[in-house]
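Asks: Just passing along the structure, written as structure tokens.
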Amino acid sequence: MKRLISGLPLLAAVIFGGFFLWGLNPDRDPNEIPSVLISQPAPEFGLDPVPGLETPGLSQSDLVGNERPVVVNVFASWCVPCRAEHAVLTRFMEREGIRLFGINYKDKPEDAVKWLNDLGNPYERIGSDLSGRTGIEWGLSGVPETFIVDGDGTVLFRYVGPVVGPDAVERFTEALTQAGALPNVAES
Amino acid sequence: MVPEIGHFALALALALALVQSVLPIAGASRGNAVWMKSAQATAIGQVLFVAIAFAALMQAFIVSDFTVRNVVENSHSLKPMLYKVAGTWGSHEGSLLLWILILAVFGAGVAWFGSNIPAETKARTLSVQAWISVGFLSFLLLTSNPFERVFPPPLDGNDLNPLLQDMGLAMHPPLLYFGYVGFSIVFSFAVAALIEGRVDPAWARWVRPWTLAAWISLTAGIALGSWWAYYELGWGGWWFWDPVENVSFMPWLLGTALLHSAIVTEKRDAFKSWTILLAILTFSLSLLGTFIVRSGLLTSVHAFAVDPERGVYILGLLAVSIGGSLALYAWRAPEMEPGGLFRPISREAGLLVNNLILAAATGTVLFGTLYPLILEAVTGDKISVGPPFFNAAFIPMMLALVVFMGLGPFLSWKRADIAGLLDRIRFVAVLAVIAALAAWYLLNGGPIMAYLAILGAAWLLFATLREWALRIRLFEVSLAEAARRARNLPRASHGMTLAHAGVAVLMMGMIGSSAWKSEEIVFAAPGTEVAIAGFDITFEGAAQVQGPNFIADRGTLVVRRDGELVTTLFPERRYYPVAESQTTESAIRSTLAGDLYTSIATPASDQVNNAGAWTLRILYEPLVNLIWIGAILLVIGGCLSLSDRRLRVGAPRRAKQPATDAVPAE
């Protein structure tokens with residue numbers, strides 16, 4: 001019995017060692033959190049517009065039946081990285097011609113309106129997710145997050161965190177190109 | 001030329017380590033005194049050669065020798081001198097060299113000061129220490145040579161990550177490593193004892209000062225890292241349960257357990273195999289920390305450049321050292337005879353509970369840290385474990401620990417007198433409850449857990465002070481007599497009182513700054529006013545300033561309370577052109593009552609920039625400075641205990657002896 005107990009630490013160490021060996025696999029990227037939504041239809045949701053804003057609301061039906069993929073960005077005025085990301089997304093909208101939809105996550109309408117008035121509004125539609133219910137449907141791990149949704153409403157790509165900085169923009173552009181969300185690339 | 005000398009010195013150190021890993025231990029089993037003695041020379045030779053290599057690398061950094069790849073990748077000619085020096089250990093290779101240097105220093109320390117240790121034990125211990133040296137020196141030379149040249153040499157370097165260019169962080173790795181690696185010698189002692197098959201109170205006495213020295217450095221290192229995160233990262237938090245924070249915290253928790261269980265082995269000849277196991281596991285966790293940071297196994301802000309080949313090499317090292325020592329333990333530990341008996345209510349039992357809680361807490365942190373990896377391996381799911389898990393699992397355990405921490409010192413060895421104990425602590429318990437109720441009345445609001453924690457911290461503080469007062473019979477005898485008694489108490493006893501009180505102070509800081517923190521994030525144009533925690537803050541605007549190797553946007557914030565000027569704060573957002581990265585330099589008004597913490601961020605779009613608006617983050621963190629004060633108390637307590645006569649490691653006696661001899665510990 002005593003011998004058995006003395007061997008326990010060794011056993012635990014061997015088990016941990018096995019996991020470490022597995023974990024060293026060079027193809028593994030511990031930073032990546034995949035979404036269960038990938039290649040699934042976008043979740044069922046219907047959001048009212050942000051009060052005080054002319055932009056219409058957003059629901060699942062808006063994501064179905066589009067000619068080309070659209071981008072759904074989850075943002076909030078209280079989210080500091082969203083400010084930085086806002087400029088990047090605006091540039092994508094203006095220069096690359098992506099269609100950008102927004103989900104305003106747990107944000108006071110008046111704050112959101114002020115934020116968009118200050119920074120500009122690149123969104124075609126914005127749904128106000130005051131309760132955070134839709135965020136749960138989308139499986140958010142935080143704000144901001146950005147999804148690429150195919151014309152038939154299938155989720156193609158998820159980006160966690162702000163699309164800011166050369167690496168992130170490159171990854172995002174690549175995903176947009178692959179999805180065919182960039183009109184000029186899709187045509188050529 | 002100098003880098004080649006460094007490289008050559010490393011090879012020589014490896015050769016010496018190889019000799020030291022065989023000769024002394026063979027001598028110990030054959031009774032060959034000359035072979036055993038050889039460890040003395042090789043251990044000191046090793047530290048000399050590794051120090052030469054380290055100095056050579058440092059020289060390359062100081063003169064900005066851009067023919068050395070490591071310097072190119074981690075330095076820049078415009079960098080301030082302090083950070084050029086600190087850059088020596090800013091990279092994977094350099095920090096590993098520092099690791100090995102400290103390993104050699106501890107080996108030489110035992111060789112030099114361990115004149116009171118029997119020759120066989122010393123020879124075996126130094127051989128085991130040399131095994132570790134061989135492993136890491138070969139790792140450095142084979143996979144991560146810090147002296148590699150680059151041709152053609154570039155005109156200037158890539159600069160050290162600006163986040164790391166901070167005084168706190170320049171000192172953080174050396175201290176942390178001193179702690180991590182300090183446990184190596186304890187590990188070597190433990191393995192040597194297992195080989196000998198004998199552990200006795202004398203063994204515990206030789207080990208304790210080394211454990212204590214490592215523990216002090218680790219405490220200081222962790223506190224500095226936390227302080228750095230608080231001041232530099234600009235998030236206004238001091239602990240994030242980041243995997244790399246966790247891997248430095250686990251050896252600390254287990255090292256704390258070891259420190260206490262070694263007392264039982266020393267005083268009562270009990271807990272022997274447990275102490276040995278703790279010694280092995282503490283260093284194993286230190287090794288694990290080294291491994292995780294360098295292998296890209298888990299994601300973290302600290303991770304060095306990922307290289308799977310290195311990861312496999314370190315894993316091999318770990319398998320041999322941890323697996324080997326635990327196998328030895330499984331084989332030899334059952335033969336160790338159990339020591340002194342004790343009753344369920346006694347000092348031993350108190351320390352046993354302390355050990356169990358600390359071990360369970362370590363297990364919890366280990367589980368939370370590795371769970372994402374394990375889950376991914378088993379089910380393929382990827383998750384991250386965040387603060388909610390750790391807070392929910394860890395805090396209740398710490399509260400239980402605090403209850404026993406207050407109680408423990410009152411208990412006597414073998415068998416404590418329950419009635420007397422209750423009599424002595426009743427007053428303390430009442431006082432703690434009053435303190436918690438008073439906090440409730442004054443603060444009204446805040447999580448219930450915070451009040452329980454206040455109760456725990458107050459209990460610990462009062463119990464510690466009460467125990468100290470009992471020892472010197474404060475208020476029972478005249479003040480002069482009490483002072484005389486205080487002087488005559490062993491320093492280890494004062495050390496314990498200080499360290500335990502330090503934990504109470506630390507807790508107060510943690511509770512205040514996490515439960516009663518207020519935070520405002522505003523998008524501010526000049527003239528914007530923000531009110532927080534009784535302060536009125538006016539944003540006057542921001543201007544661009546030029547630093548030695550950075551350009552900064554500096555905001556000006558005027559802080560007033562009740563219309564009166566308190567201070568003016570200048571938070572900065574720095575841009576380092578060479579490294580192409582930005583850092584936040586928060587501006588903080590620090591008082592004992594709390595920190596007013598401000599940071600500034602660049603506005604997102606150009607359109608807004610023209611309007612002169614900025615993102616300001618303003619926090620008020622009550623009592624946060626008590627965390628650093630508590631940590632300092634822990635370190636001072638440790639140092640006091642280390643300076644106890646009983647623990648001095650056969651160091652040459654200092655000329656000045658204390659006037660009265662220390663009374664033997666009871």
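Identifiers in the structure tokens: chain A, B, ... in order shown; residue index from 1 per chain; ligand index from 1 in order shown.
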I want to know what sits within 7 Å of Glu540 of chain B, based on only C-alpha atoms, with residues of the same chain fewer than 3 positions away left out; could you give that as a list in words?
Replies: Pro526, Gly527, Thr556 and Leu557 of chain B
Asks: Export, as an mmCIF file, in the first residue's frame, the selected residues with C-alpha atoms.
Replies:
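Final output, saved to again-v1.cif:
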data_model
loop_
_atom_site.group_PDB
_atom_site.id
_atom_site.type_symbol
_atom_site.label_atom_id
_atom_site.label_comp_id
_atom_site.auth_asym_id
_atom_site.auth_seq_id
_atom_site.Cartn_x
_atom_site.Cartn_y
_atom_site.Cartn_z
ATOM 1 C CA PRO B 526 -9.719 68.941 -23.804
ATOM 2 C CA GLY B 527 -11.757 70.407 -20.994
ATOM 3 C CA THR B 556 -2.267 66.486 -18.752
ATOM 4 C CA LEU B 557 -4.848 65.740 -16.101
#
Asks: For Pro43 of chain A, find every residue with an atom within 9 Å (counting only C-alpha atoms), except residues of its own chain fewer than 4 positions away, and show them as a list in words.
Replies: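 Contacts, with the query itself left out: Leu37, Gln60, Thr134, Glu137 and Trp138 of chain A.
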Asks: Pick out the closest residue to Ile5 of chain A from this set: B:Trp238, B:Phe61, B:Tyr83, B:Trp274. Count only C-alpha atoms.
Replies: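 Looking at the shortest contact to Ile5 of chain A, the residue is B:Trp274.
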Asks: To one decimal place in Å, what is the distance between atom CA of Leu596 of chain B and atom CA of Leu224 of chain B?
Replies: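 Between atom CA of Leu596 of chain B and atom CA of Leu224 of chain B the gap is 19.8 Å.
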Asks: Do a neighbour search on segment 37-47 of chain B at 10 Å with only C-alpha atoms, toss out local chain neighbours closer than 4 positions, and write the hits as a PyMOL selection string.
Replies: chain B and resi 9-10+12-25+27-28+32-33+51-53+100-112+114+119-120+122-127+129-130+133
Asks: Within 7 Å of Ala192 of chain B, counting only C-alpha atoms, which residues show up once you throw out same-chain ones fewer than 3 positions away? Write them as a PyMOL selection string, please.
Replies: chain B and resi 121+124-125+188-189+195-196
Asks: Please produce a file of the residues just selected, as a PDB file, in the first residue's frame, where the atoms kept are N, CA and C atoms.
Replies:
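Dumped to part-v1.pdb:
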ATOM      1  N   THR B 121      27.187  13.281   2.000  1.00  0.00           N
ATOM      2  CA  THR B 121      25.967  13.977   1.597  1.00  0.00           C
ATOM      3  C   THR B 121      26.305  15.119   0.658  1.00  0.00           C
ATOM      4  N   ARG B 124      27.298  13.835  -2.820  1.00  0.00           N
ATOM      5  CA  ARG B 124      26.149  13.364  -3.596  1.00  0.00           C
ATOM      6  C   ARG B 124      25.295  14.536  -4.052  1.00  0.00           C
ATOM      7  N   THR B 125      25.058  15.490  -3.133  1.00  0.00           N
ATOM      8  CA  THR B 125      24.234  16.639  -3.486  1.00  0.00           C
ATOM      9  C   THR B 125      24.840  17.396  -4.658  1.00  0.00           C
ATOM     10  N   SER B 188      18.424  18.771  -5.100  1.00  0.00           N
ATOM     11  CA  SER B 188      19.629  17.944  -5.077  1.00  0.00           C
ATOM     12  C   SER B 188      19.836  17.313  -3.701  1.00  0.00           C
ATOM     13  N   PHE B 189      19.590  18.090  -2.662  1.00  0.00           N
ATOM     14  CA  PHE B 189      19.678  17.543  -1.301  1.00  0.00           C
ATOM     15  C   PHE B 189      18.698  16.378  -1.141  1.00  0.00           C
ATOM     16  N   ILE B 195      19.114   8.737  -2.244  1.00  0.00           N
ATOM     17  CA  ILE B 195      20.171   7.786  -2.614  1.00  0.00           C
ATOM     18  C   ILE B 195      20.784   7.197  -1.351  1.00  0.00           C
ATOM     19  N   GLU B 196      20.991   8.058  -0.353  1.00  0.00           N
ATOM     20  CA  GLU B 196      21.546   7.588   0.914  1.00  0.00           C
ATOM     21  C   GLU B 196      20.531   6.787   1.713  1.00  0.00           C
TER      22      GLU B 196
END
Asks: Quick one: DSSP strand (DSSP E) residues in chain A, as a PDB file with C-alpha atoms, in the first residue's frame?
Replies:
ATOM      1  CA  GLY A  46     -33.855  39.383 -34.741  1.00  0.00           C
ATOM      2  CA  LEU A  47     -32.608  42.691 -33.420  1.00  0.00           C
ATOM      3  CA  LEU A  58     -30.503  43.303 -38.151  1.00  0.00           C
ATOM      4  CA  SER A  59     -31.967  39.825 -38.144  1.00  0.00           C
ATOM      5  CA  VAL A  70     -21.172  39.859 -45.780  1.00  0.00           C
ATOM      6  CA  VAL A  71     -19.255  40.815 -42.676  1.00  0.00           C
ATOM      7  CA  VAL A  72     -20.929  40.854 -39.269  1.00  0.00           C
ATOM      8  CA  ASN A  73     -19.034  42.844 -36.672  1.00  0.00           C
ATOM      9  CA  VAL A  74     -19.890  42.817 -32.985  1.00  0.00           C
ATOM     10  CA  PHE A  75     -18.980  46.107 -31.355  1.00  0.00           C
ATOM     11  CA  LEU A 100     -20.672  45.468 -43.205  1.00  0.00           C
ATOM     12  CA  PHE A 101     -23.404  44.636 -40.678  1.00  0.00           C
ATOM     13  CA  GLY A 102     -23.116  45.449 -37.007  1.00  0.00           C
ATOM     14  CA  ILE A 103     -24.337  43.991 -33.759  1.00  0.00           C
ATOM     15  CA  ASN A 104     -24.209  46.603 -31.025  1.00  0.00           C
ATOM     16  CA  TYR A 105     -23.510  44.462 -27.979  1.00  0.00           C
ATOM     17  CA  ARG A 125     -27.550  47.569 -40.707  1.00  0.00           C
ATOM     18  CA  ILE A 126     -27.090  47.587 -36.943  1.00  0.00           C
ATOM     19  CA  GLY A 127     -28.980  45.387 -34.490  1.00  0.00           C
ATOM     20  CA  SER A 128     -29.087  46.485 -30.867  1.00  0.00           C
ATOM     21  CA  ASP A 129     -28.362  43.500 -28.627  1.00  0.00           C
ATOM     22  CA  GLU A 145     -15.587  39.748 -32.830  1.00  0.00           C
ATOM     23  CA  THR A 146     -16.048  39.638 -36.561  1.00  0.00           C
ATOM     24  CA  PHE A 147     -17.737  36.991 -38.690  1.00  0.00           C
ATOM     25  CA  ILE A 148     -17.846  36.434 -42.422  1.00  0.00           C
ATOM     26  CA  VAL A 149     -21.239  35.021 -43.458  1.00  0.00           C
ATOM     27  CA  VAL A 155     -20.892  31.269 -41.218  1.00  0.00           C
ATOM     28  CA  LEU A 156     -17.525  30.983 -42.985  1.00  0.00           C
ATOM     29  CA  PHE A 157     -15.030  32.636 -40.676  1.00  0.00           C
ATOM     30  CA  ARG A 158     -14.726  34.012 -37.197  1.00  0.00           C
ATOM     31  CA  TYR A 159     -12.172  36.486 -35.941  1.00  0.00           C
ATOM     32  CA  VAL A 160     -11.821  36.909 -32.187  1.00  0.00           C
TER      33      VAL A 160
END
Asks: B:Ala60, B:Leu258, B:Ile537, B:Val312: which is nearest chain A, counting only C-alpha atoms?
Replies: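 Residue with the minimum atom-to-atom distance to chain A: B:Val312.
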Asks: So how far away is atom CA of Gly386 of chain B from atom CA of Ile588 of chain B, in Å?
Replies: 27.2 Å
Asks: What does the distance between atom CA of Arg149 of chain B and atom CA of Ser95 of chain B come to in Å, to one decimal place?
Replies: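 Between these atoms lies a distance of 18.1 Å.
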Asks: Taking the backbone alone, and naming residues the way the document does, which bits of segment 41-163 of chain A are alpha helix (DSSP H) by DSSP, as an mmCIF file with N, CA and C atoms, in the first residue's frame?
Replies:
data_model
loop_
_atom_site.group_PDB
_atom_site.id
_atom_site.type_symbol
_atom_site.label_atom_id
_atom_site.label_comp_id
_atom_site.auth_asym_id
_atom_site.auth_seq_id
_atom_site.Cartn_x
_atom_site.Cartn_y
_atom_site.Cartn_z
ATOM 1 N N VAL A 80 -12.813 49.474 -25.773
ATOM 2 C CA VAL A 80 -11.729 50.348 -26.263
ATOM 3 C C VAL A 80 -11.098 49.839 -27.567
ATOM 4 N N PRO A 81 -10.793 48.516 -27.674
ATOM 5 C CA PRO A 81 -10.206 48.057 -28.939
ATOM 6 C C PRO A 81 -11.124 48.278 -30.143
ATOM 7 N N CYS A 82 -12.472 48.339 -29.889
ATOM 8 C CA CYS A 82 -13.399 48.551 -30.995
ATOM 9 C C CYS A 82 -13.129 49.869 -31.699
ATOM 10 N N ARG A 83 -12.660 50.845 -30.940
ATOM 11 C CA ARG A 83 -12.353 52.145 -31.547
ATOM 12 C C ARG A 83 -11.285 52.010 -32.609
ATOM 13 N N ALA A 84 -10.241 51.255 -32.260
ATOM 14 C CA ALA A 84 -9.153 51.058 -33.211
ATOM 15 C C ALA A 84 -9.651 50.252 -34.398
ATOM 16 N N GLU A 85 -10.475 49.238 -34.102
ATOM 17 C CA GLU A 85 -10.959 48.378 -35.168
ATOM 18 C C GLU A 85 -11.895 49.135 -36.099
ATOM 19 N N HIS A 86 -12.623 50.095 -35.536
ATOM 20 C CA HIS A 86 -13.602 50.839 -36.317
ATOM 21 C C HIS A 86 -12.957 51.451 -37.553
ATOM 22 N N ALA A 87 -11.786 52.042 -37.371
ATOM 23 C CA ALA A 87 -11.105 52.695 -38.496
ATOM 24 C C ALA A 87 -10.756 51.671 -39.571
ATOM 25 N N VAL A 88 -10.315 50.487 -39.142
ATOM 26 C CA VAL A 88 -9.917 49.443 -40.094
ATOM 27 C C VAL A 88 -11.125 48.985 -40.895
ATOM 28 N N LEU A 89 -12.227 48.731 -40.187
ATOM 29 C CA LEU A 89 -13.428 48.240 -40.869
ATOM 30 C C LEU A 89 -13.983 49.294 -41.821
ATOM 31 N N THR A 90 -13.919 50.568 -41.380
ATOM 32 C CA THR A 90 -14.396 51.640 -42.244
ATOM 33 C C THR A 90 -13.601 51.648 -43.547
ATOM 34 N N ARG A 91 -12.280 51.451 -43.405
ATOM 35 C CA ARG A 91 -11.431 51.442 -44.590
ATOM 36 C C ARG A 91 -11.808 50.273 -45.505
ATOM 37 N N PRO A 109 -28.154 52.773 -25.983
ATOM 38 C CA PRO A 109 -28.391 53.365 -27.305
ATOM 39 C C PRO A 109 -27.762 54.749 -27.443
ATOM 40 N N GLU A 110 -27.907 55.599 -26.407
ATOM 41 C CA GLU A 110 -27.406 56.970 -26.569
ATOM 42 C C GLU A 110 -25.887 56.983 -26.710
ATOM 43 N N ASP A 111 -25.208 56.058 -25.989
ATOM 44 C CA ASP A 111 -23.750 55.970 -26.122
ATOM 45 C C ASP A 111 -23.370 55.517 -27.519
ATOM 46 N N ALA A 112 -24.116 54.517 -28.030
ATOM 47 C CA ALA A 112 -23.818 53.985 -29.353
ATOM 48 C C ALA A 112 -24.008 55.071 -30.407
ATOM 49 N N VAL A 113 -25.101 55.839 -30.271
ATOM 50 C CA VAL A 113 -25.373 56.896 -31.248
ATOM 51 C C VAL A 113 -24.252 57.923 -31.230
ATOM 52 N N LYS A 114 -23.839 58.319 -30.027
ATOM 53 C CA LYS A 114 -22.778 59.316 -29.896
ATOM 54 C C LYS A 114 -21.479 58.785 -30.520
ATOM 55 N N TRP A 115 -21.190 57.515 -30.216
ATOM 56 C CA TRP A 115 -19.972 56.863 -30.711
ATOM 57 C C TRP A 115 -19.939 56.875 -32.235
ATOM 58 N N LEU A 116 -21.091 56.469 -32.845
ATOM 59 C CA LEU A 116 -21.140 56.389 -34.304
ATOM 60 C C LEU A 116 -21.142 57.775 -34.927
ATOM 61 N N ASN A 117 -21.753 58.746 -34.240
ATOM 62 C CA ASN A 117 -21.710 60.109 -34.762
ATOM 63 C C ASN A 117 -20.298 60.668 -34.726
ATOM 64 N N ASP A 118 -19.566 60.328 -33.660
ATOM 65 C CA ASP A 118 -18.184 60.806 -33.537
ATOM 66 C C ASP A 118 -17.288 60.180 -34.592
ATOM 67 N N LEU A 119 -17.405 58.858 -34.728
ATOM 68 C CA LEU A 119 -16.432 58.114 -35.528
ATOM 69 C C LEU A 119 -16.893 57.882 -36.953
ATOM 70 N N ARG A 133 -28.417 38.482 -25.464
ATOM 71 C CA ARG A 133 -28.974 37.180 -25.835
ATOM 72 C C ARG A 133 -28.395 36.725 -27.200
ATOM 73 N N THR A 134 -28.380 37.638 -28.165
ATOM 74 C CA THR A 134 -27.881 37.289 -29.493
ATOM 75 C C THR A 134 -26.390 36.968 -29.429
ATOM 76 N N GLY A 135 -25.693 37.700 -28.558
ATOM 77 C CA GLY A 135 -24.271 37.405 -28.368
ATOM 78 C C GLY A 135 -24.059 35.972 -27.938
ATOM 79 N N ILE A 136 -24.953 35.467 -27.077
ATOM 80 C CA ILE A 136 -24.844 34.074 -26.638
ATOM 81 C C ILE A 136 -25.075 33.141 -27.820
ATOM 82 N N GLU A 137 -26.101 33.490 -28.647
ATOM 83 C CA GLU A 137 -26.387 32.665 -29.828
ATOM 84 C C GLU A 137 -25.166 32.564 -30.748
#
Asks: For chain B, which of A:Ala76, A:Leu24, A:Ile15, A:Val169 is the closest residue, counting only C-alpha atoms?
Replies: A:Leu24
